[in-house]
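These notes are about the structure you will find just below.
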There are 2 protein chains.
Amino acid sequence: MSLKDYPHPSVTVDVVIFTLREDDLQVLLVKRAHPPFEDMWAIPGGFVDVGESLEKAALRELEEETGVRKVYLEQLYTFGDPGRDPRGHVITVAYFALVTVSAIDPHAGSDAAETGWWSVYDLPPLAFDHADILSYALERLRYKLEYTAVGFELLPETFVLSELRTAYEIILGEQLDKRNFRRKILGAGVIEETGDHRAGEGRPAKLYHFRDDAVAEVKTRRLFP
Amino acid sequence: MSLKDYPHPSVTVDVVIFTLREDDLQVLLVKRAHPPFEDMWAIPGGFVDVGESLEKAALRELEEETGVRKVYLEQLYTFGDPGRDPRGHVITVAYFALVTVSAIDPHAGSDAAETGWWSVYDLPPLAFDHADILSYALERLRYKLEYTAVGFELLPETFVLSELRTAYEIILGEQLDKRNFRRKILGAGVIEETGDHRAGEGRPAKLYHFRDDAVAEVKTRRLFP
DNA sequence: ACAAAAGTGTTGAGAGTACACCCATGC
DNA sequence: GCATGGGTGTACTCTCAACACTTTTGT
């Protein structure tokens, strides 16, 4: 028997793309140009080609929308309810990506469809089951942030400690103690001083950068309570 | 445009079915009757029908092989490498299930194909990328066990504390301190005394059972170091 | 009475939390 | 010299890990 003898569900990937912008945690959404859900906002995604791996498909979507190639990308969950797409049975493998705002090409993807960054704290109505996907992605991001060092992926190459702490506060939605944060993040050994400083309104702050092996290294340890 | 206009990858579900048998953590495998990988052992699985949810498909596979309907079932990961099945591009959504050995119907599925329970510590060569899937499932089971109360799903309805501790030791592959185990598991409030005892070789032991809401309740707390 | 498994407390170490002041710079 | 953000240390609490003896039953 051949694999082609039966009707099969279709497979898409959807990518929840997070970034830090405007002191806010934001996601990239696209406005649908065709039915169903015409003119509603949706998570960027598309069909998986035959012979294309899921991760490649997700990276392709990501690059189409943002112009970014090097990002943190993690498989989230696979949503396969037969009723989730009115056109037929479409299974979607959801991914989430963390990108530095400075790496984004603002012109990417803009010719094809309207795209926009939306605060996760103030979202429009979403097409399909994308609200579920997004809320699960946010939950997972927060969870990951506490146990691993992925927060780094949202910041530029070098940064000062207050920026890192602010990033954590924005994502977690709560205040963190300055001294305890320093002690933990430095104790975890995942960032290093660059030796440079950044001048600002007050005393100049030390610049840090992430160690490349940091994400893998902290996998087991909980960073924040 | 119709969803049917393009060739699509096929979608299967594979279910890693764990149980505790013979003082060992074992998984159910089926011997393949057809090429590719004829006569090799594989994780039970099958195609997802159009209109069927992923979870339903997984439960269907599970019932076909074990006769069990009520189990703990969790989506594991979706494997979609185009080269993983030589017949073509087959994406598989992997699940893992925990079943009580006493609930298993030993005759289920036996007419169609040869099935067998294998120790996770002594597995045969596996078809496709099933060795990867299984090792990831085991990792996830251990991880889950430490942070949540899923271990319960592998035991009969009532049990004594030493059985529960032994179950944890078998799965984690390490010894646990008797007193610390008692304190933690009782402190977590996930099990209750039934009031009965079980006589054995030594002093009779109190019987316990799980509270139905237990699995949900302990999600955030780490049970074992 | 003895074998076999069940049951029970304490102590020390490390991690987490809360909390307030001095430091370096620009204007 | 003052406003602004950067940088630092300590004490208390709580959780985890290590550890050995008594109790209850069956034979």
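A note on labels: chains of the structure tokens are A, B, ... as shown, every chain counts residues from 1, and ligands are counted from 1 in their shown order.
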Val68 (chain B): which residues within 12 Å, counting only C-alpha atoms (C1' of nucleotides), same-chain residues fewer than 4 positions away excluded, as a list in words? Ile17, Thr19, Ala58, Leu59, Arg60, Glu61, Leu62, Glu63, Glu64, Tyr72, Leu73, Ala97, Leu98, Val99, Thr100, Val101, Ser102, Ala103, Ile104, Asp105, Pro106, His107, Ala108 and Gly109 of chain B
Pick out the chain C residues within 9 Å of chain B. Count only C-alpha atoms (C1' of nucleotides). Give them as an NGL selection string. :C and (3-8)
Can you check which parts of chain A lie within 9 Å of chain B? Per residue, the shortest pair of atoms and distance in Å to one decimal, counting only C-alpha atoms, sorted by chain and number, as JSON lines.
{"residue": "A:Ser2", "atom": "CA", "partner": "B:Arg87", "partner_atom": "CA", "distance": 8.2}
{"residue": "A:Leu3", "atom": "CA", "partner": "B:Ser10", "partner_atom": "CA", "distance": 7.4}
{"residue": "A:Lys4", "atom": "CA", "partner": "B:Ser10", "partner_atom": "CA", "distance": 8.4}
{"residue": "A:Tyr6", "atom": "CA", "partner": "B:Asp49", "partner_atom": "CA", "distance": 8.8}
{"residue": "A:Pro7", "atom": "CA", "partner": "B:Val50", "partner_atom": "CA", "distance": 6.9}
{"residue": "A:His8", "atom": "CA", "partner": "B:Val50", "partner_atom": "CA", "distance": 5.8}
{"residue": "A:Pro9", "atom": "CA", "partner": "B:Val50", "partner_atom": "CA", "distance": 5.4}
{"residue": "A:Ser10", "atom": "CA", "partner": "B:His8", "partner_atom": "CA", "distance": 6.1}
{"residue": "A:Val11", "atom": "CA", "partner": "B:Pro9", "partner_atom": "CA", "distance": 7.1}
{"residue": "A:Phe47", "atom": "CA", "partner": "B:His8", "partner_atom": "CA", "distance": 8.5}
{"residue": "A:Val48", "atom": "CA", "partner": "B:His8", "partner_atom": "CA", "distance": 7.5}
{"residue": "A:Asp49", "atom": "CA", "partner": "B:His8", "partner_atom": "CA", "distance": 6.7}
{"residue": "A:Val50", "atom": "CA", "partner": "B:Pro9", "partner_atom": "CA", "distance": 5.4}
{"residue": "A:Gly51", "atom": "CA", "partner": "B:Pro82", "partner_atom": "CA", "distance": 4.9}
{"residue": "A:Glu52", "atom": "CA", "partner": "B:Pro82", "partner_atom": "CA", "distance": 6.1}
{"residue": "A:Ser53", "atom": "CA", "partner": "B:Asp81", "partner_atom": "CA", "distance": 4.8}
{"residue": "A:Leu54", "atom": "CA", "partner": "B:Gly80", "partner_atom": "CA", "distance": 5.6}
{"residue": "A:Glu55", "atom": "CA", "partner": "B:Gly80", "partner_atom": "CA", "distance": 8.3}
{"residue": "A:Gln75", "atom": "CA", "partner": "B:Tyr77", "partner_atom": "CA", "distance": 7.8}
{"residue": "A:Leu76", "atom": "CA", "partner": "B:Tyr77", "partner_atom": "CA", "distance": 8.4}
{"residue": "A:Tyr77", "atom": "CA", "partner": "B:Tyr77", "partner_atom": "CA", "distance": 7.1}
{"residue": "A:Thr78", "atom": "CA", "partner": "B:Thr78", "partner_atom": "CA", "distance": 7.0}
{"residue": "A:Phe79", "atom": "CA", "partner": "B:Leu54", "partner_atom": "CA", "distance": 7.9}
{"residue": "A:Gly80", "atom": "CA", "partner": "B:Leu54", "partner_atom": "CA", "distance": 5.6}
{"residue": "A:Asp81", "atom": "CA", "partner": "B:Ser53", "partner_atom": "CA", "distance": 4.8}
{"residue": "A:Pro82", "atom": "CA", "partner": "B:Gly51", "partner_atom": "CA", "distance": 5.0}
{"residue": "A:Gly83", "atom": "CA", "partner": "B:Gly51", "partner_atom": "CA", "distance": 7.9}
{"residue": "A:Arg87", "atom": "CA", "partner": "B:Leu3", "partner_atom": "CA", "distance": 7.5}
{"residue": "A:Gly88", "atom": "CA", "partner": "B:Leu3", "partner_atom": "CA", "distance": 7.5}
{"residue": "A:His89", "atom": "CA", "partner": "B:Gly51", "partner_atom": "CA", "distance": 6.0}
{"residue": "A:Val90", "atom": "CA", "partner": "B:Leu3", "partner_atom": "CA", "distance": 8.9}
{"residue": "A:Ile91", "atom": "CA", "partner": "B:Leu54", "partner_atom": "CA", "distance": 8.6}
{"residue": "A:Val93", "atom": "CA", "partner": "B:Thr78", "partner_atom": "CA", "distance": 7.5}
Using only C-alpha atoms (C1' of nucleotides), which residues of chain C come within 10 Å of region 2-20 of chain D, and what is the closest atom pair for each, with the distance in Å to one decimal? Give it as a Markdown table, sorted by chain and residue number.
| residue | atom | partner | partner_atom | distance |
| --- | --- | --- | --- | --- |
| C:DT10 | C1' | D:DC19 | C1' | 9.3 |
| C:DT11 | C1' | D:DA18 | C1' | 9.2 |
| C:DG12 | C1' | D:DA18 | C1' | 9.2 |
| C:DA13 | C1' | D:DA17 | C1' | 8.8 |
| C:DG14 | C1' | D:DC16 | C1' | 8.6 |
| C:DA15 | C1' | D:DT15 | C1' | 8.3 |
| C:DG16 | C1' | D:DC14 | C1' | 8.2 |
| C:DT17 | C1' | D:DT13 | C1' | 8.3 |
| C:DA18 | C1' | D:DC12 | C1' | 8.9 |
| C:DC19 | C1' | D:DT10 | C1' | 9.4 |
| C:DC21 | C1' | D:DT8 | C1' | 9.0 |
| C:DC22 | C1' | D:DT8 | C1' | 8.4 |
| C:DC23 | C1' | D:DG7 | C1' | 7.2 |
| C:DA24 | C1' | D:DG6 | C1' | 8.0 |
| C:DT25 | C1' | D:DT4 | C1' | 9.0 |
| C:DG26 | C1' | D:DT4 | C1' | 9.0 |
| C:DC27 | C1' | D:DA3 | C1' | 8.9 |
DSSP says helix (DSSP H, G or I) for which residues of region 4-222 of chain B? Put them as an MDAnalysis selection string? chainID B and resid 4:5 54:66 101:103 130:147 150:154 161:172 178:187 214:217
Distance cut-off 8 Å, counting only C-alpha atoms (C1' of nucleotides) - which residues of chain D neighbour chain B? Return them as a PyMOL selection string. chain D and resi 24-26
Same residues, all heavy atoms, saved as an mmCIF file, in the first residue's frame:
data_model
loop_
_atom_site.group_PDB
_atom_site.id
_atom_site.type_symbol
_atom_site.label_atom_id
_atom_site.label_comp_id
_atom_site.auth_asym_id
_atom_site.auth_seq_id
_atom_site.Cartn_x
_atom_site.Cartn_y
_atom_site.Cartn_z
ATOM 1 P P DT D 24 3.465 -0.935 68.506
ATOM 2 O OP1 DT D 24 2.368 0.049 68.553
ATOM 3 O OP2 DT D 24 3.967 -1.605 69.725
ATOM 4 O "O5'" DT D 24 3.054 -2.071 67.476
ATOM 5 C "C5'" DT D 24 2.608 -1.692 66.185
ATOM 6 C "C4'" DT D 24 2.803 -2.867 65.262
ATOM 7 O "O4'" DT D 24 4.186 -3.234 65.220
ATOM 8 C "C3'" DT D 24 2.053 -4.131 65.678
ATOM 9 O "O3'" DT D 24 1.026 -4.311 64.740
ATOM 10 C "C2'" DT D 24 3.111 -5.261 65.607
ATOM 11 C "C1'" DT D 24 4.249 -4.588 64.845
ATOM 12 N N1 DT D 24 5.640 -5.056 65.155
ATOM 13 C C2 DT D 24 6.371 -5.633 64.158
ATOM 14 O O2 DT D 24 5.958 -5.804 63.030
ATOM 15 N N3 DT D 24 7.641 -6.003 64.514
ATOM 16 C C4 DT D 24 8.228 -5.853 65.760
ATOM 17 O O4 DT D 24 9.378 -6.224 65.979
ATOM 18 C C5 DT D 24 7.397 -5.252 66.773
ATOM 19 C C7 DT D 24 7.938 -5.047 68.158
ATOM 20 C C6 DT D 24 6.157 -4.879 66.423
ATOM 21 P P DT D 25 -0.263 -5.218 65.098
ATOM 22 O OP1 DT D 25 -1.383 -4.783 64.257
ATOM 23 O OP2 DT D 25 -0.383 -5.265 66.560
ATOM 24 O "O5'" DT D 25 0.217 -6.662 64.599
ATOM 25 C "C5'" DT D 25 -0.005 -7.006 63.265
ATOM 26 C "C4'" DT D 25 1.102 -7.885 62.727
ATOM 27 O "O4'" DT D 25 2.350 -7.631 63.384
ATOM 28 C "C3'" DT D 25 0.906 -9.382 62.936
ATOM 29 O "O3'" DT D 25 0.118 -9.883 61.901
ATOM 30 C "C2'" DT D 25 2.342 -9.917 62.863
ATOM 31 C "C1'" DT D 25 3.204 -8.682 62.968
ATOM 32 N N1 DT D 25 4.355 -8.792 63.908
ATOM 33 C C2 DT D 25 5.540 -9.296 63.425
ATOM 34 O O2 DT D 25 5.695 -9.691 62.292
ATOM 35 N N3 DT D 25 6.546 -9.355 64.349
ATOM 36 C C4 DT D 25 6.470 -8.964 65.665
ATOM 37 O O4 DT D 25 7.453 -9.055 66.399
ATOM 38 C C5 DT D 25 5.205 -8.438 66.095
ATOM 39 C C7 DT D 25 5.031 -7.977 67.513
ATOM 40 C C6 DT D 25 4.202 -8.381 65.207
ATOM 41 P P DG D 26 -0.344 -11.373 61.894
ATOM 42 O OP1 DG D 26 -1.417 -11.547 60.896
ATOM 43 O OP2 DG D 26 -0.567 -11.750 63.301
ATOM 44 O "O5'" DG D 26 0.961 -12.160 61.380
ATOM 45 C "C5'" DG D 26 1.478 -11.883 60.061
ATOM 46 C "C4'" DG D 26 2.487 -12.948 59.682
ATOM 47 O "O4'" DG D 26 3.675 -12.807 60.521
ATOM 48 C "C3'" DG D 26 2.017 -14.388 59.869
ATOM 49 O "O3'" DG D 26 2.562 -15.200 58.823
ATOM 50 C "C2'" DG D 26 2.575 -14.777 61.238
ATOM 51 C "C1'" DG D 26 3.853 -13.959 61.337
ATOM 52 N N9 DG D 26 4.145 -13.474 62.702
ATOM 53 C C8 DG D 26 3.249 -12.962 63.599
ATOM 54 N N7 DG D 26 3.804 -12.609 64.723
ATOM 55 C C5 DG D 26 5.167 -12.905 64.553
ATOM 56 C C6 DG D 26 6.244 -12.748 65.427
ATOM 57 O O6 DG D 26 6.242 -12.287 66.573
ATOM 58 N N1 DG D 26 7.453 -13.186 64.857
ATOM 59 C C2 DG D 26 7.562 -13.704 63.597
ATOM 60 N N2 DG D 26 8.793 -14.053 63.236
ATOM 61 N N3 DG D 26 6.554 -13.856 62.746
ATOM 62 C C4 DG D 26 5.382 -13.440 63.305
#
Could you check how far CA of Glu157 (chain B) sits from CA of Tyr208 (chain B), in Å to one decimal?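 Value for the CA of Glu157 (chain B)-CA of Tyr208 (chain B) distance: 8.5 Å.
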Show me, as a PyMOL selection string, the residues that have an atom within 12 Å of Phe159 (chain B) when counting only C-alpha atoms (C1' of nucleotides), minus same-chain residues fewer than 4 positions from it. chain B and resi 100+152-155+163-167+191-198+205-210
Same residues, N, CA and C atoms, saved as a PDB file, in the first residue's frame:
ATOM      1  N   THR B 100      -1.356   1.183  34.441  1.00  0.00           N
ATOM      2  CA  THR B 100      -1.226   0.218  35.507  1.00  0.00           C
ATOM      3  C   THR B 100      -1.182  -1.176  34.901  1.00  0.00           C
ATOM      4  N   PHE B 152       1.797   8.159  40.264  1.00  0.00           N
ATOM      5  CA  PHE B 152       0.596   7.473  40.704  1.00  0.00           C
ATOM      6  C   PHE B 152      -0.057   6.667  39.599  1.00  0.00           C
ATOM      7  N   GLU B 153       0.056   7.159  38.401  1.00  0.00           N
ATOM      8  CA  GLU B 153      -0.649   6.547  37.279  1.00  0.00           C
ATOM      9  C   GLU B 153      -0.131   5.149  36.968  1.00  0.00           C
ATOM     10  N   LEU B 154       1.014   4.819  37.494  1.00  0.00           N
ATOM     11  CA  LEU B 154       1.604   3.516  37.195  1.00  0.00           C
ATOM     12  C   LEU B 154       1.264   2.467  38.233  1.00  0.00           C
ATOM     13  N   LEU B 155       0.580   2.873  39.309  1.00  0.00           N
ATOM     14  CA  LEU B 155       0.304   1.931  40.392  1.00  0.00           C
ATOM     15  C   LEU B 155      -1.173   1.565  40.419  1.00  0.00           C
ATOM     16  N   GLU B 163       5.684   0.448  48.109  1.00  0.00           N
ATOM     17  CA  GLU B 163       5.482   0.206  46.674  1.00  0.00           C
ATOM     18  C   GLU B 163       5.654   1.488  45.873  1.00  0.00           C
ATOM     19  N   LEU B 164       5.126   2.567  46.416  1.00  0.00           N
ATOM     20  CA  LEU B 164       5.258   3.843  45.716  1.00  0.00           C
ATOM     21  C   LEU B 164       6.718   4.259  45.627  1.00  0.00           C
ATOM     22  N   ARG B 165       7.412   4.084  46.743  1.00  0.00           N
ATOM     23  CA  ARG B 165       8.826   4.461  46.746  1.00  0.00           C
ATOM     24  C   ARG B 165       9.611   3.580  45.777  1.00  0.00           C
ATOM     25  N   THR B 166       9.335   2.295  45.784  1.00  0.00           N
ATOM     26  CA  THR B 166      10.025   1.404  44.850  1.00  0.00           C
ATOM     27  C   THR B 166       9.752   1.807  43.404  1.00  0.00           C
ATOM     28  N   ALA B 167       8.515   2.212  43.119  1.00  0.00           N
ATOM     29  CA  ALA B 167       8.189   2.663  41.761  1.00  0.00           C
ATOM     30  C   ALA B 167       9.069   3.847  41.368  1.00  0.00           C
ATOM     31  N   ILE B 191      -1.690  12.037  48.483  1.00  0.00           N
ATOM     32  CA  ILE B 191      -2.255  10.719  48.780  1.00  0.00           C
ATOM     33  C   ILE B 191      -2.913  10.734  50.158  1.00  0.00           C
ATOM     34  N   GLU B 192      -3.836   9.808  50.332  1.00  0.00           N
ATOM     35  CA  GLU B 192      -4.576   9.712  51.597  1.00  0.00           C
ATOM     36  C   GLU B 192      -4.620   8.262  52.045  1.00  0.00           C
ATOM     37  N   GLU B 193      -4.655   8.067  53.363  1.00  0.00           N
ATOM     38  CA  GLU B 193      -4.838   6.717  53.878  1.00  0.00           C
ATOM     39  C   GLU B 193      -6.241   6.231  53.534  1.00  0.00           C
ATOM     40  N   THR B 194      -6.366   4.946  53.233  1.00  0.00           N
ATOM     41  CA  THR B 194      -7.705   4.397  53.024  1.00  0.00           C
ATOM     42  C   THR B 194      -8.304   3.944  54.350  1.00  0.00           C
ATOM     43  N   GLY B 195      -7.448   3.743  55.352  1.00  0.00           N
ATOM     44  CA  GLY B 195      -7.906   3.217  56.635  1.00  0.00           C
ATOM     45  C   GLY B 195      -7.603   1.735  56.766  1.00  0.00           C
ATOM     46  N   ASP B 196      -7.398   1.072  55.636  1.00  0.00           N
ATOM     47  CA  ASP B 196      -7.085  -0.365  55.666  1.00  0.00           C
ATOM     48  C   ASP B 196      -5.579  -0.599  55.751  1.00  0.00           C
ATOM     49  N   HIS B 197      -5.273  -1.854  55.998  1.00  0.00           N
ATOM     50  CA  HIS B 197      -3.875  -2.259  56.040  1.00  0.00           C
ATOM     51  C   HIS B 197      -3.675  -3.479  55.162  1.00  0.00           C
ATOM     52  N   ARG B 198      -2.434  -3.697  54.806  1.00  0.00           N
ATOM     53  CA  ARG B 198      -2.134  -4.919  54.075  1.00  0.00           C
ATOM     54  C   ARG B 198      -1.123  -5.730  54.877  1.00  0.00           C
ATOM     55  N   ALA B 205       1.213  -2.840  56.573  1.00  0.00           N
ATOM     56  CA  ALA B 205       1.437  -1.466  56.125  1.00  0.00           C
ATOM     57  C   ALA B 205       0.106  -0.790  55.829  1.00  0.00           C
ATOM     58  N   LYS B 206       0.076   0.504  56.085  1.00  0.00           N
ATOM     59  CA  LYS B 206      -1.114   1.282  55.752  1.00  0.00           C
ATOM     60  C   LYS B 206      -1.304   1.339  54.247  1.00  0.00           C
ATOM     61  N   LEU B 207      -2.559   1.242  53.830  1.00  0.00           N
ATOM     62  CA  LEU B 207      -2.861   1.410  52.403  1.00  0.00           C
ATOM     63  C   LEU B 207      -3.201   2.866  52.114  1.00  0.00           C
ATOM     64  N   TYR B 208      -2.786   3.321  50.959  1.00  0.00           N
ATOM     65  CA  TYR B 208      -3.062   4.689  50.526  1.00  0.00           C
ATOM     66  C   TYR B 208      -3.747   4.670  49.172  1.00  0.00           C
ATOM     67  N   HIS B 209      -4.374   5.779  48.846  1.00  0.00           N
ATOM     68  CA  HIS B 209      -4.843   5.973  47.468  1.00  0.00           C
ATOM     69  C   HIS B 209      -4.605   7.429  47.092  1.00  0.00           C
ATOM     70  N   PHE B 210      -4.592   7.710  45.774  1.00  0.00           N
ATOM     71  CA  PHE B 210      -4.340   9.062  45.290  1.00  0.00           C
ATOM     72  C   PHE B 210      -5.603   9.881  45.342  1.00  0.00           C
TER      73      PHE B 210
END
Expressed in Å to a single decimal, how great is the separation between CA of Pro86 (chain A) and CA of Glu38 (chain A)? 12.6 Å
Separation of CA of Gly151 (chain B) from CA of Tyr168 (chain B) in Å: 7.0 Å
